[in-house]
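Everything on this sheet refers to the single structure shown next.
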Amino acid sequence: MAGENAAGGTPTRPDERLLNLVIALVNTSAAMTKQQIRAGVHGYDGASSTEAFERMFERDKDTLRALGVPIVTVEGTGHSDEVGYRIDNEAYALGTVDLTPAELGAVALAAQLWSDKTLRTDMSRAMTKLAAAGAGDAVGDAVAGLTPRVRAAGDAYGPLLEAISERRVVTFRYRAASTGEVRTRHVEPWRIAARGGGWYVVGHDRDRAAERVFRLSRIEGRVRLGATPHAYELPDRVDVDAALGARVRHDSTARLAVVPERATALRARALATPGGDSTSGVPAPPPGRDLVTVPYGSLTAFADEVAGYGAAVVVLEPAALRAEVLRRLRAAAALAADTDGAAAAADPDEEARRG
């Protein structure tokens with residue numbers, strides 16, 4: 001396209017020119033003729049000839065239509081029979097975003113994965129707009145149980161994802177969980193997955209000549225990508241669940257009394273449970289609550305999760321889990337009381353009203 005610009009001018013990037021054209025056609029009151037587009041839309045004014053402009057504009061028009069932008073042709077009227085162009089705003093406008101609390105919660109959870117990445121600002125703005133159409137507390141409840149289990153992937157995530165996409169061998173220093181020894185690994189990464197609160201990469205360890213799993217939080221320093229793309233072939237099938245199965249243990253079971261239609265994340269992992277009564281041996285939930293039985297591994301992590309639901313979830317057993325959840329809730333209540341007390345002390349009128 002550089003050859004189609006006037007001599008001495010710097011050619012406008014095609015994507016910039018396309019965006020300029022869309023903005024112009026969206027904001028025109030009626031339609032724009034070719035002459036108006038050439039004179040008024042940045043990127044076309046530098047065309048070296050009418051023929052060069054015609055080729056450029058026709059290509060751009062076809063590209064935008066292929067992308068789903070509804071450019072319509074308007075026949076000339078009155079004294080002018082020149083054809084004009086505009087964008088059908090009704091067809092081009094985004095429809096009303098109507099997400100359920102669970103759907104909005106899932107989007108919010110996905111956005112948290114980028115909280116330490118360069119997209120954080122854009123994600124924050126997008127979530128603010130979506131939340132404005134959401135359901136407030138119900139959205140928080142939809143992800144309360146998921147948030148503690150999916151943590152930031154860390155600096156290794158981006159390079160590993162790029163390596164998988166381009167099939168580049170990676171090199172990194174890795175601290176073994178059993179011995180604490182740090183060694184350099186050379187790996188052909190296959191898949192990245194989150195399990196049991198951590199992120200893992202599954203791949204072929206060239207040093208051991210075998211499939212291995214590495215936890216991203218144990219990678220020390222930078223992940224270095226090999227210079228050669230397509231350096232290996234991805235297996236036709238990678239059984240991530242089998243590779244990570246030993247790392248996601250659920251040795252304990254909790255019986256919970258849950259408010260109807262709340263704590264959907266817990267319900268999704270629930271086991272089939274007989275109704276609580278004196279003959280089944282399963283404790284009966286309080287009236288107006290559902291009995292939900294959920295397997296878990298880490299007592300600390302699961303107590304964090306359950307406490308996040310507040311009064312919506314009551315632990316029936318085991319006693320150790322109940323005690324841990326109550327400890328967290330009491331600490332939160334004490335913190336709130338301290339905050340209220342400090343605010344009252346700073347406001348003499350409020351202290352007088354309480355007295």
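Numbering starts fresh at 1 for the residues of each chain in the structure tokens, the chains themselves are lettered A, B, ... in the order given, and ligands are numbered from 1 as they appear.
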What residues in stretch 287-346 of chain A get the DSSP label strand (DSSP E)? Please answer as a list in words. Asp290, Leu291, Val292, Thr293, Val294, Pro295, Tyr296, Val313, Val314, Val315, Leu316 and Glu317 of chain A
Let me make sure I understand: among A:Val41, A:Leu244, A:Ala47, A:Gln35, which one has the smallest atom-to-atom distance to A:Glu16 if we use only C-alpha atoms?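 The closest residue to A:Glu16 is A:Val41.
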Excluding same-chain residues fewer than 4 positions from A:Gly203, what lies within 8 Å of it counting only C-alpha atoms, as a ChimeraX atom specification? /A:187-191,211-213
When distances are computed from only C-alpha atoms, which of A:Thr50, A:Leu161, A:Gly310, A:Leu299 shows the smallest separation from A:Ala323?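 Distance minimum relative to A:Ala323 lands on A:Leu299.
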Fewer than 4 positions away in the same chain doesn't count, so skip those; otherwise give me all residues within 8 Å of A:Thr73, counting only C-alpha atoms, as an MDAnalysis selection string. chainID A and resid 83:86
Next, the residues of the selection above should be written as a PDB file, in the first residue's frame with N, CA and C atoms.
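part_14.pdb, written as the output of this step:
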ATOM      1  N   VAL A  83     -23.536   8.034  -5.416  1.00  0.00           N
ATOM      2  CA  VAL A  83     -23.752   7.031  -4.376  1.00  0.00           C
ATOM      3  C   VAL A  83     -22.999   7.421  -3.112  1.00  0.00           C
ATOM      4  N   GLY A  84     -23.635   7.171  -1.953  1.00  0.00           N
ATOM      5  CA  GLY A  84     -23.002   7.435  -0.676  1.00  0.00           C
ATOM      6  C   GLY A  84     -22.927   6.160   0.163  1.00  0.00           C
ATOM      7  N   TYR A  85     -22.218   6.246   1.289  1.00  0.00           N
ATOM      8  CA  TYR A  85     -22.033   5.072   2.147  1.00  0.00           C
ATOM      9  C   TYR A  85     -22.217   5.478   3.609  1.00  0.00           C
ATOM     10  N   ARG A  86     -22.776   4.558   4.369  1.00  0.00           N
ATOM     11  CA  ARG A  86     -22.909   4.764   5.811  1.00  0.00           C
ATOM     12  C   ARG A  86     -22.954   3.392   6.491  1.00  0.00           C
TER      13      ARG A  86
END
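Take atom CA of A:Val202 and atom CA of A:Arg183: the distance between them is 17.4 Å.
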